[in-house]
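J.: Please find one structure pasted underneath; my questions will follow.
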Amino acid sequence: MEKTIVHIDLNAFFAQAECLRDTSLAGKAIAVGYDGRRGVVSTASYEARKSGVSSGMPIAKAKELCPALIIVDGHYSYYRELSRQFFGYLKKRFPILEQASIDECYIDMTEEVHGKDIHGFLFDLQLSLYRVTRLKCSIGCGPNKFLAKMASDMKKPMGLTILDRESLPSLLWPLPIEKMYGVGTKTAPRLRMLGIETIGDLGRTNDENVRKALGSFFDFLQGEANGWGEDVVDTSSFDPKSCSAERTFPENITEYEEIQDMIHLCSRDVARELRKYKKKATIVSLKLRDDHFVTRSKRQKMREPSDKEGDIFFTAMSIYDAFYRGESLRLVGVAAEKVLSVSSEDKETVL
């Protein structure tokens with residue numbers, strides 16, 4: 001029996017969360033992010049998106065596009081708690097659930113919807129989620145994860161789309177190639193140069209030049225374009241393989257102490273995330289972005305696995321002192337990599 005996989009995606013989650021914190025923001029154009037000269041948009045409400053505001057956009061440009069835009073500082077611990085409540089509610093109803101990130105999950109609903117009106121079942125679920133959590137979500141349904149995720153992205157906010165293999169020619173294939181999950185911003189232009197304008201073009205092509213451009217991913221991506229993909233939902237807990245934090249400076253700086261303070265803040269945030277998920281880092285990575293938007297990073301192995309702020313900061317500063325060349329910086333970031341899972345007996349296993 002073919003599976004029924006559902007993808008649930010919280011719509012503009014951080015912006016939604018801020019509207020729950022402050023109901024006066026509801027229905028307004030808002031963006032979550034740091035309101036500084038070098039700040040960027042983390043998430044924008046759909047009212048802001050209508051003016052062209054998008055994630056990753058500099059705050060200054062966002063304000064030009066949307067003069068009425070309200071910038072809100074992020075409250076990430078609050079978002080994590082809302083996420084826990086939302087997916088906790090789902091887990092009580094559907095045991096085969098995989099949380100893919102803070103705002104999305106996959107659910108194997110094969111047994112739950114067997115013999116039922118799938119659209120009606122999912123519509124009722126969508127409304128009940130909103131009643132209980134006050135959070136809006138889009139739902140996609142298909143026989144595998146790829147089609148379910150593509151379906152959830154087709155209608156937002158509060159969309160509901162069922163995408164089976166019979167509907168590929170009408171729903172999936174006409175989409176531009178850059179809309180295909182797994183095709184990145186660098187790959188899409190290369191495919192367009194080879195005549196692959198839509199997902200359907202990729203699904204039907206026999207062009208050897210396209211095969212060479214995609215290399216070992218060609219068969220995988222072409223298979224997904226034709227409706228095939230993984231249908232196994234991993235029920236293990238959300239388990240980060242790395243933890244990271246970064247900060248953008250209000251203005252470009254070169255002062256050692258200010259940069260050091262920001263690296264310290266990032267190290268503190270990373271340490272908190274490690275302890276939350278009962279992890280220890282074996283490698284620390286430091287990212288530096290200069291005033292020409294050139295980003296460099298370097299990694300260093302720690303003396304021993306740790307989740308302590310001081311150890312992460314010491315390692316990050318060791319990298320900085322050896323790596324920094326006095327250039328003007330606009331952003332720094334710290335990441336814990338190759339993390340270890342610490343059991344209740346304090347035994348450690350590399351993930």
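Every chain in the structure tokens takes a letter, A first, then B, and so on in the order presented; its residues are numbered from 1, and the ligands are numbered from 1 following the presented order.
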Could you pull the residues within 12 Å of stretch 118-128 of chain A, counting only C-alpha atoms, minus those fewer than 2 positions along the same chain, as JSON, numbers by chain?

T.: {"A": [4, 5, 6, 7, 8, 9, 10, 86, 89, 90, 93, 94, 107, 109, 110, 111, 112, 113, 114, 115, 116, 130, 131, 132, 133, 134, 135, 136, 137, 138, 139, 140, 141, 142, 152, 157, 158, 159, 160, 161, 162, 163]}

J.: Quick one: residues within 12 Å of A:Phe13, only C-alpha atoms counted, chain neighbours fewer than 5 positions away excluded, as a PDB file with N, CA, C and O atoms, in the first residue's frame?

T.:
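Listing of selection.pdb after writing:
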ATOM      1  N   ILE A   8       3.825  19.486   7.404  1.00  0.00           N
ATOM      2  CA  ILE A   8       3.180  20.637   8.044  1.00  0.00           C
ATOM      3  C   ILE A   8       4.221  21.722   8.273  1.00  0.00           C
ATOM      4  O   ILE A   8       5.274  21.476   8.871  1.00  0.00           O
ATOM      5  N   GLU A  18       5.475  36.640  17.164  1.00  0.00           N
ATOM      6  CA  GLU A  18       5.514  38.023  17.668  1.00  0.00           C
ATOM      7  C   GLU A  18       4.120  38.626  17.727  1.00  0.00           C
ATOM      8  O   GLU A  18       3.823  39.433  18.614  1.00  0.00           O
ATOM      9  N   CYS A  19       3.256  38.240  16.812  1.00  0.00           N
ATOM     10  CA  CYS A  19       1.876  38.732  16.851  1.00  0.00           C
ATOM     11  C   CYS A  19       1.104  38.132  18.022  1.00  0.00           C
ATOM     12  O   CYS A  19       0.180  38.757  18.546  1.00  0.00           O
ATOM     13  N   LEU A  20       1.488  36.927  18.438  1.00  0.00           N
ATOM     14  CA  LEU A  20       0.881  36.353  19.634  1.00  0.00           C
ATOM     15  C   LEU A  20       1.376  37.066  20.888  1.00  0.00           C
ATOM     16  O   LEU A  20       0.622  37.248  21.849  1.00  0.00           O
ATOM     17  N   ALA A  31       8.692  42.655  10.445  1.00  0.00           N
ATOM     18  CA  ALA A  31       9.858  41.829  10.141  1.00  0.00           C
ATOM     19  C   ALA A  31      10.599  41.575  11.437  1.00  0.00           C
ATOM     20  O   ALA A  31      10.796  42.495  12.244  1.00  0.00           O
ATOM     21  N   VAL A  32      10.989  40.334  11.657  1.00  0.00           N
ATOM     22  CA  VAL A  32      11.783  39.977  12.828  1.00  0.00           C
ATOM     23  C   VAL A  32      13.250  40.106  12.446  1.00  0.00           C
ATOM     24  O   VAL A  32      13.698  39.519  11.461  1.00  0.00           O
ATOM     25  N   SER A  42      15.010  38.303   9.476  1.00  0.00           N
ATOM     26  CA  SER A  42      14.974  36.873   9.772  1.00  0.00           C
ATOM     27  C   SER A  42      13.704  36.264   9.190  1.00  0.00           C
ATOM     28  O   SER A  42      13.754  35.256   8.485  1.00  0.00           O
ATOM     29  N   THR A  43      12.561  36.853   9.487  1.00  0.00           N
ATOM     30  CA  THR A  43      11.269  36.415   8.958  1.00  0.00           C
ATOM     31  C   THR A  43      10.388  37.641   8.760  1.00  0.00           C
ATOM     32  O   THR A  43      10.419  38.553   9.581  1.00  0.00           O
ATOM     33  N   ALA A  44       9.605  37.636   7.698  1.00  0.00           N
ATOM     34  CA  ALA A  44       8.677  38.735   7.428  1.00  0.00           C
ATOM     35  C   ALA A  44       7.250  38.205   7.406  1.00  0.00           C
ATOM     36  O   ALA A  44       6.998  37.075   6.964  1.00  0.00           O
ATOM     37  N   SER A  45       6.323  39.005   7.894  1.00  0.00           N
ATOM     38  CA  SER A  45       4.911  38.626   7.827  1.00  0.00           C
ATOM     39  C   SER A  45       4.459  38.670   6.370  1.00  0.00           C
ATOM     40  O   SER A  45       5.104  39.277   5.509  1.00  0.00           O
ATOM     41  N   TYR A  46       3.321  38.041   6.100  1.00  0.00           N
ATOM     42  CA  TYR A  46       2.838  38.024   4.719  1.00  0.00           C
ATOM     43  C   TYR A  46       2.423  39.414   4.253  1.00  0.00           C
ATOM     44  O   TYR A  46       2.497  39.717   3.056  1.00  0.00           O
ATOM     45  N   SER A  55      13.137  37.070   3.702  1.00  0.00           N
ATOM     46  CA  SER A  55      14.162  36.647   4.657  1.00  0.00           C
ATOM     47  C   SER A  55      15.555  36.845   4.058  1.00  0.00           C
ATOM     48  O   SER A  55      15.765  36.611   2.867  1.00  0.00           O
ATOM     49  N   GLY A  74      13.946  39.593  17.762  1.00  0.00           N
ATOM     50  CA  GLY A  74      13.570  38.198  17.909  1.00  0.00           C
ATOM     51  C   GLY A  74      13.590  37.732  19.359  1.00  0.00           C
ATOM     52  O   GLY A  74      14.415  38.178  20.153  1.00  0.00           O
ATOM     53  N   HIS A  75      12.670  36.842  19.710  1.00  0.00           N
ATOM     54  CA  HIS A  75      12.595  36.232  21.048  1.00  0.00           C
ATOM     55  C   HIS A  75      12.645  34.711  20.862  1.00  0.00           C
ATOM     56  O   HIS A  75      11.614  34.040  20.855  1.00  0.00           O
ATOM     57  N   TYR A  76      13.858  34.187  20.684  1.00  0.00           N
ATOM     58  CA  TYR A  76      14.031  32.825  20.183  1.00  0.00           C
ATOM     59  C   TYR A  76      13.667  31.751  21.211  1.00  0.00           C
ATOM     60  O   TYR A  76      13.216  30.668  20.830  1.00  0.00           O
ATOM     61  N   TYR A  78      11.212  31.997  23.217  1.00  0.00           N
ATOM     62  CA  TYR A  78       9.755  31.962  23.107  1.00  0.00           C
ATOM     63  C   TYR A  78       9.334  31.149  21.886  1.00  0.00           C
ATOM     64  O   TYR A  78       8.394  30.349  21.954  1.00  0.00           O
ATOM     65  N   TYR A  79      10.044  31.308  20.771  1.00  0.00           N
ATOM     66  CA  TYR A  79       9.722  30.541  19.568  1.00  0.00           C
ATOM     67  C   TYR A  79       9.917  29.044  19.821  1.00  0.00           C
ATOM     68  O   TYR A  79       9.111  28.222  19.372  1.00  0.00           O
ATOM     69  N   ARG A  80      10.984  28.701  20.515  1.00  0.00           N
ATOM     70  CA  ARG A  80      11.234  27.287  20.794  1.00  0.00           C
ATOM     71  C   ARG A  80      10.125  26.682  21.643  1.00  0.00           C
ATOM     72  O   ARG A  80       9.725  25.535  21.443  1.00  0.00           O
ATOM     73  N   LEU A  82       6.925  27.738  21.792  1.00  0.00           N
ATOM     74  CA  LEU A  82       5.743  27.590  20.943  1.00  0.00           C
ATOM     75  C   LEU A  82       5.874  26.372  20.034  1.00  0.00           C
ATOM     76  O   LEU A  82       4.913  25.621  19.834  1.00  0.00           O
ATOM     77  N   SER A  83       7.071  26.183  19.493  1.00  0.00           N
ATOM     78  CA  SER A  83       7.324  25.028  18.636  1.00  0.00           C
ATOM     79  C   SER A  83       7.121  23.729  19.413  1.00  0.00           C
ATOM     80  O   SER A  83       6.496  22.777  18.914  1.00  0.00           O
ATOM     81  N   PHE A  86       3.383  23.138  19.855  1.00  0.00           N
ATOM     82  CA  PHE A  86       2.712  22.807  18.599  1.00  0.00           C
ATOM     83  C   PHE A  86       2.980  21.365  18.192  1.00  0.00           C
ATOM     84  O   PHE A  86       2.045  20.587  17.936  1.00  0.00           O
ATOM     85  N   SER A 101      12.571  20.706  11.633  1.00  0.00           N
ATOM     86  CA  SER A 101      13.169  21.963  12.091  1.00  0.00           C
ATOM     87  C   SER A 101      12.234  22.571  13.123  1.00  0.00           C
ATOM     88  O   SER A 101      11.241  21.948  13.526  1.00  0.00           O
ATOM     89  N   ILE A 102      12.513  23.783  13.536  1.00  0.00           N
ATOM     90  CA  ILE A 102      11.701  24.431  14.569  1.00  0.00           C
ATOM     91  C   ILE A 102      10.286  24.702  14.083  1.00  0.00           C
ATOM     92  O   ILE A 102       9.358  24.839  14.885  1.00  0.00           O
ATOM     93  N   ASP A 103      10.063  24.735  12.743  1.00  0.00           N
ATOM     94  CA  ASP A 103       8.743  25.114  12.242  1.00  0.00           C
ATOM     95  C   ASP A 103       8.160  24.163  11.202  1.00  0.00           C
ATOM     96  O   ASP A 103       7.241  24.523  10.475  1.00  0.00           O
ATOM     97  N   GLU A 104       8.664  22.928  11.118  1.00  0.00           N
ATOM     98  CA  GLU A 104       8.103  22.007  10.141  1.00  0.00           C
ATOM     99  C   GLU A 104       8.278  20.558  10.583  1.00  0.00           C
ATOM    100  O   GLU A 104       9.187  20.232  11.353  1.00  0.00           O
ATOM    101  N   ARG A 134      -3.260  28.505  18.180  1.00  0.00           N
ATOM    102  CA  ARG A 134      -3.358  29.857  17.590  1.00  0.00           C
ATOM    103  C   ARG A 134      -2.283  30.092  16.537  1.00  0.00           C
ATOM    104  O   ARG A 134      -1.948  31.234  16.211  1.00  0.00           O
ATOM    105  N   LEU A 135      -1.741  29.025  15.985  1.00  0.00           N
ATOM    106  CA  LEU A 135      -0.708  29.122  14.952  1.00  0.00           C
ATOM    107  C   LEU A 135      -1.258  28.617  13.621  1.00  0.00           C
ATOM    108  O   LEU A 135      -1.881  27.562  13.550  1.00  0.00           O
ATOM    109  N   LYS A 136      -0.991  29.381  12.566  1.00  0.00           N
ATOM    110  CA  LYS A 136      -1.429  29.006  11.227  1.00  0.00           C
ATOM    111  C   LYS A 136      -0.355  28.151  10.555  1.00  0.00           C
ATOM    112  O   LYS A 136       0.833  28.417  10.705  1.00  0.00           O
ATOM    113  N   CYS A 137      -0.801  27.159   9.797  1.00  0.00           N
ATOM    114  CA  CYS A 137       0.153  26.312   9.094  1.00  0.00           C
ATOM    115  C   CYS A 137      -0.379  25.962   7.713  1.00  0.00           C
ATOM    116  O   CYS A 137      -1.589  26.018   7.457  1.00  0.00           O
ATOM    117  N   SER A 138       0.543  25.617   6.831  1.00  0.00           N
ATOM    118  CA  SER A 138       0.178  25.065   5.533  1.00  0.00           C
ATOM    119  C   SER A 138       0.469  23.570   5.555  1.00  0.00           C
ATOM    120  O   SER A 138       1.439  23.133   6.180  1.00  0.00           O
ATOM    121  N   PRO A 157      -0.645  31.727   3.192  1.00  0.00           N
ATOM    122  CA  PRO A 157      -0.724  30.916   4.414  1.00  0.00           C
ATOM    123  C   PRO A 157      -1.992  30.063   4.453  1.00  0.00           C
ATOM    124  O   PRO A 157      -2.913  30.273   3.671  1.00  0.00           O
TER     125      PRO A 157
END

J.: Within 12 Å of stretch 165-168 of chain A, counting only C-alpha atoms, which residues show up once you throw out same-chain ones fewer than 6 positions away? Write them as JSON, numbers by chain, please.

T.: {"A": [2, 141, 142, 143, 144, 146, 147, 148, 150, 151, 174, 175, 199, 200, 203, 223, 224, 225, 226, 227, 228, 229]}

J.: Measuring atom to atom with only C-alpha atoms, identify which of A:Leu288, A:Met1, A:Ala281, A:Val294 is nearest to A:Thr315.

T.: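 Using only C-alpha atoms, A:Thr315 sits closest to A:Ala281.
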
J.: List every residue of stretch 24-259 of chain A that DSSP, applied to the backbone of this structure, places in helix (DSSP H, G or I), and write the result as a count of residues only.

T.: 105

J.: What's around A:Val270 at 7 Å? Count only C-alpha atoms, leave out sequence neighbours fewer than 2 positions away in its own chain, and write the answer as a list in words.

T.: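 Residues near the query, excluding close chain neighbours: Cys243, Ser244, Ala245, Cys266, Ser267, Arg268, Arg272, Glu273, Leu274, Ala335 and Ala336 of chain A.
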
J.: With N, CA and C atoms kept, could you save the residues just selected as a CSV table (one decimal), in the first residue's frame?

T.:
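Contents of result_35.csv, as written:
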chain,number,residue,atom,x,y,z
A,243,CYS,N,25.4,23.3,16.5
A,243,CYS,CA,24.8,24.5,17.1
A,243,CYS,C,25.6,25.7,16.7
A,244,SER,N,24.9,26.8,16.3
A,244,SER,CA,25.6,28.0,15.9
A,244,SER,C,24.8,29.2,16.3
A,245,ALA,N,25.6,30.3,16.3
A,245,ALA,CA,25.0,31.7,16.6
A,245,ALA,C,25.9,32.7,15.9
A,266,CYS,N,28.2,35.1,21.2
A,266,CYS,CA,27.9,33.9,20.3
A,266,CYS,C,28.2,32.6,21.0
A,267,SER,N,29.4,32.6,21.7
A,267,SER,CA,29.8,31.4,22.4
A,267,SER,C,28.8,31.0,23.5
A,268,ARG,N,28.3,32.1,24.2
A,268,ARG,CA,27.3,31.8,25.2
A,268,ARG,C,26.1,31.2,24.7
A,272,ARG,N,24.6,27.3,25.4
A,272,ARG,CA,23.2,27.1,25.9
A,272,ARG,C,22.5,26.1,25.1
A,273,GLU,N,22.6,26.2,23.7
A,273,GLU,CA,22.0,25.2,22.9
A,273,GLU,C,22.6,23.8,23.1
A,274,LEU,N,23.9,23.7,23.3
A,274,LEU,CA,24.5,22.4,23.5
A,274,LEU,C,23.9,21.8,24.8
A,335,ALA,N,30.2,28.4,15.8
A,335,ALA,CA,29.5,27.2,15.6
A,335,ALA,C,30.2,26.0,16.3
A,336,ALA,N,29.4,25.2,16.9
A,336,ALA,CA,29.9,23.9,17.5
A,336,ALA,C,29.6,22.8,16.6

J.: Wanna dump the stretch 202-320 of chain A-stretch 190-194 of chain A contacts at 12 Å for me, each residue with its shortest atom pair and the distance in Å to one decimal, counting only C-alpha atoms, ordered by chain and number, as CSV?

T.:
residue,atom,partner,partner_atom,distance
A:Leu202,CA,A:Leu191,CA,8.7
A:Thr205,CA,A:Leu194,CA,10.5
A:Asn206,CA,A:Leu194,CA,11.7
A:Asp207,CA,A:Leu194,CA,8.7
A:Glu208,CA,A:Leu194,CA,10.2
A:Asn209,CA,A:Leu194,CA,7.4
A:Val210,CA,A:Leu194,CA,6.7
A:Arg211,CA,A:Leu191,CA,10.1
A:Lys212,CA,A:Leu191,CA,10.8
A:Ala213,CA,A:Arg190,CA,7.7
A:Leu214,CA,A:Leu191,CA,8.7
A:Phe218,CA,A:Leu191,CA,11.3

J.: Need to verify the contact set: A:Leu331, 7 Å, only C-alpha atoms, exclusion of same-chain residues closer than 3 positions in sequence. Can you return it as an MDAnalysis selection string?

T.: chainID A and resid 247:249 288:289

J.: Could you write out that same residue set with N, CA and C atoms as a PDB file, in the first residue's frame?

T.:
ATOM      1  N   ARG A 247      26.189  37.193  14.968  1.00  0.00           N
ATOM      2  CA  ARG A 247      25.760  38.562  15.275  1.00  0.00           C
ATOM      3  C   ARG A 247      26.248  39.504  14.178  1.00  0.00           C
ATOM      4  N   THR A 248      25.376  40.430  13.789  1.00  0.00           N
ATOM      5  CA  THR A 248      25.752  41.473  12.843  1.00  0.00           C
ATOM      6  C   THR A 248      25.996  42.773  13.613  1.00  0.00           C
ATOM      7  N   PHE A 249      27.096  43.435  13.339  1.00  0.00           N
ATOM      8  CA  PHE A 249      27.423  44.680  14.033  1.00  0.00           C
ATOM      9  C   PHE A 249      26.574  45.829  13.494  1.00  0.00           C
ATOM     10  N   LEU A 288      33.810  34.929   9.925  1.00  0.00           N
ATOM     11  CA  LEU A 288      34.020  36.377   9.860  1.00  0.00           C
ATOM     12  C   LEU A 288      33.551  36.875   8.497  1.00  0.00           C
ATOM     13  N   ARG A 289      32.727  37.932   8.500  1.00  0.00           N
ATOM     14  CA  ARG A 289      32.288  38.547   7.239  1.00  0.00           C
ATOM     15  C   ARG A 289      32.735  39.998   7.228  1.00  0.00           C
TER      16      ARG A 289
END

J.: Give the answer as one residue: which of A:Asp35, A:Pro189, A:Asp73, A:Ala100 has the shortest atom-to-atom distance to A:Lys61, using only C-alpha atoms?

T.: A:Asp35
